[in-house]
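Structure, as structure tokens:
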Amino acid sequence: MDVVTIGETMVLFTPITNGPMRYAGQFTRSFGGSESNFAIGLARLGHKVGWISRVGDDEFGRALISFVRGEGVDVSYVSVDESAQTGVFFKEIKTEQNISVYYYRSGSAASRMSPDLIDEDYIKKARYLHISGITPALSDSCYETVHKAIDIAKKHKVQVIFDPNVRRKLWSEERAREVLIELVSRSDIVLPGITEAEFMFGDKGPELLGKKILTLGAKLVVLKVGAKGAYYFTDDHHELVPSIKVQHVVDPVGAGDGFAAGFISGLLDGLTTRESVARGCATGAIVTMYRGDFEGLPTKQELLDFTSDKAV
Ligand code: CKP
Ligand code: MG
């Protein structure tokens, strides 16, 4: 595998029309999960990626595994839990600027992932291990699972990528800050959004935040600043890489995962850091143009068409 990731994916219901969800009578069914969105993004860009997870022994669990497998992601380490259900969430799009998600995931099969799911051999052969801040928020055993994977990655010099993905609905602010900072300090590459970095460190300003994260041990920090693009920071350089402007944002959920997929795909393809950040920005931008968390994730050709279109 080029990359291995760990996390929960849920069945996603979205009302077919925008507006307050209390009036919604019809929904479409899709799937969403930060780590599988990221994995699908990498697979579409031609990379080998594995997703570790747990689903219920139910219809949604079966649908989920076929779906992720169908996208070309390795699912050999997705286990089935006979006594817990696959999680579900709803996405309410009141307007395109006002989107809320509602989770029905507490006690889900994925929240019962435990360290025995982590196979040393699987992680050690990867080039990158991707961790998101959602997984340790799910339960103590998920927290331990993530740390076991990082221990193995560190032992075998597999690079650890961390996307903080702050989700305030899942835990207290104090606990979130403590665990996320601990994970930042165990990672090689950290990919926070600006508001996530502000949340974790209580400071303001990209430069201050980027440098602070470097002092915790990361070799590379990429700080996403929404439609403006992303800054990257290394020990001796930092700069803002602008994003391509999208005319009409339809649904921004999943853009961060698209960014991560595009960025890591650039690194895997041997692009420079700057070029990889630009690929991340373009991938994230394309995702916002489509309804759904993963639907807009581009292939290499679609990425090329999007970037060359904008260049002329
Ligand atoms: O940070 P992003 O908008 O890229 O993440 C979106 C995903 O895993 C979404 O698919 C959802 O299932 C989640 O984040 C979550 O648990 O909130
Ligand atoms: Mg995110």
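In the structure tokens, chains take the letters A, B, ... in the order shown, each chain's residues start at 1, and ligands count up from 1 in the order shown.
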Cut-off 8 Å: closest chain A/ligand 2 atom pairs per residue, using only C-alpha atoms and all ligand atoms, as JSON lines:
{"residue": "A:Ser34", "atom": "CA", "partner": "ligand 2", "partner_atom_place_in_ligand_line": "1 (Mg)", "distance": 7.1}
{"residue": "A:Asp163", "atom": "CA", "partner": "ligand 2", "partner_atom_place_in_ligand_line": "1 (Mg)", "distance": 6.7}
{"residue": "A:Pro164", "atom": "CA", "partner": "ligand 2", "partner_atom_place_in_ligand_line": "1 (Mg)", "distance": 7.1}
{"residue": "A:Asn165", "atom": "CA", "partner": "ligand 2", "partner_atom_place_in_ligand_line": "1 (Mg)", "distance": 4.4}
{"residue": "A:Val166", "atom": "CA", "partner": "ligand 2", "partner_atom_place_in_ligand_line": "1 (Mg)", "distance": 7.4}
{"residue": "A:Pro192", "atom": "CA", "partner": "ligand 2", "partner_atom_place_in_ligand_line": "1 (Mg)", "distance": 7.5}
{"residue": "A:Gly193", "atom": "CA", "partner": "ligand 2", "partner_atom_place_in_ligand_line": "1 (Mg)", "distance": 7.0}
{"residue": "A:Gly254", "atom": "CA", "partner": "ligand 2", "partner_atom_place_in_ligand_line": "1 (Mg)", "distance": 6.9}
{"residue": "A:Ala255", "atom": "CA", "partner": "ligand 2", "partner_atom_place_in_ligand_line": "1 (Mg)", "distance": 7.1}
{"residue": "A:Gly256", "atom": "CA", "partner": "ligand 2", "partner_atom_place_in_ligand_line": "1 (Mg)", "distance": 4.2}
{"residue": "A:Asp257", "atom": "CA", "partner": "ligand 2", "partner_atom_place_in_ligand_line": "1 (Mg)", "distance": 5.8}
Could the residues in this selection be saved with C-alpha atoms as an mmCIF file, in the first residue's frame?
data_model
loop_
_atom_site.group_PDB
_atom_site.id
_atom_site.type_symbol
_atom_site.label_atom_id
_atom_site.label_comp_id
_atom_site.auth_asym_id
_atom_site.auth_seq_id
_atom_site.Cartn_x
_atom_site.Cartn_y
_atom_site.Cartn_z
ATOM 1 C CA SER A 34 -13.367 11.489 6.399
ATOM 2 C CA ASP A 163 -5.661 15.740 9.857
ATOM 3 C CA PRO A 164 -7.122 17.110 13.143
ATOM 4 C CA ASN A 165 -10.731 17.177 11.829
ATOM 5 C CA VAL A 166 -12.134 18.864 14.937
ATOM 6 C CA PRO A 192 -5.194 21.500 9.949
ATOM 7 C CA GLY A 193 -7.722 24.053 8.768
ATOM 8 C CA GLY A 254 -15.438 16.569 2.238
ATOM 9 C CA ALA A 255 -13.243 19.331 0.806
ATOM 10 C CA GLY A 256 -10.648 18.839 3.551
ATOM 11 C CA ASP A 257 -10.403 15.135 2.757
#
Between segment 212-305 of chain A and segment 181-184 of chain A, at 8 Å or less, what are the per-residue closest atom pairs and their distances in Å? Count only C-alpha atoms, order by chain and rising residue number, and return it as a Markdown table.
| residue | atom | partner | partner_atom | distance |
| --- | --- | --- | --- | --- |
| A:Ile213 | CA | A:Val184 | CA | 7.4 |
| A:Leu216 | CA | A:Val184 | CA | 7.3 |
| A:Ala218 | CA | A:Val184 | CA | 7.4 |
ask   = Please, which residues of segment 54-295 of chain A, numbered as in this document, come out alpha helix (DSSP H) from DSSP, as a count of residues only?
value = 97
ask   = Can you list, as a list in words, every residue of segment 30-59 of chain A that DSSP puts in strand (DSSP E or B)?
value =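 In segment 30-59 of chain A, DSSP puts these residues in strand (DSSP E or B): Ser30, Phe31, Gly32, Val49, Gly50, Trp51, Ile52, Ser53, Arg54, Val55 and Gly56 of chain A.
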ask   = Quick one: residues within 8 Å of Val160 of chain A, only C-alpha atoms counted, chain neighbours fewer than 4 positions away excluded, as a list in words?
value = Tyr128, Leu129, His130, Ile131, Ile150, Ala153, Lys154, Arg186, Ser187, Asp188 and Ile189 of chain A
task = May I ask for the distance between atom CA of Val158 of chain A and atom CA of Lys125 of chain A, given in Å to one decimal place?
result =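 Between atom CA of Val158 of chain A and atom CA of Lys125 of chain A the gap is 8.0 Å.
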request  = Could you please determine the separation between atom CA of Phe38 of chain A and atom CA of His156 of chain A in Å, to one decimal place?
outcome  =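 Atom CA of Phe38 of chain A sits 22.8 Å away from atom CA of His156 of chain A.
Here atom CA of Val287 of chain A stands at a distance of 25.5 Å from atom CA of Val55 of chain A.
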query = Do you know which residues are within 9 Å of ligand 1 using only C-alpha atoms and all ligand atoms? Can you write them as a ChimeraX atom specification?
reply = /A:7-12,31-38,88-89,101-103,132,134-135,163-167,170,193,252-260,284,292-294
ask   = Residues at most 8 Å from segment 299-303 of chain A, counting only C-alpha atoms, excluding those fewer than 2 positions away in the same chain, as a list in words?
value = Arg44, Leu45, Gly46, Ala282, Thr283, Leu297, Asp305, Phe306 and Thr307 of chain A
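Residue nearest Phe67 of chain A, chosen from A:Ser185, A:Glu198, A:Ser30, A:Pro115 and counting only C-alpha atoms: A:Ser30.
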ask   = Pick from A:Ser308, A:Thr17, A:Thr288, A:Thr272: nearest to Lys91 of chain A, with only C-alpha atoms counted?
value =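 So, comparing all the options, the nearest one is A:Thr17.
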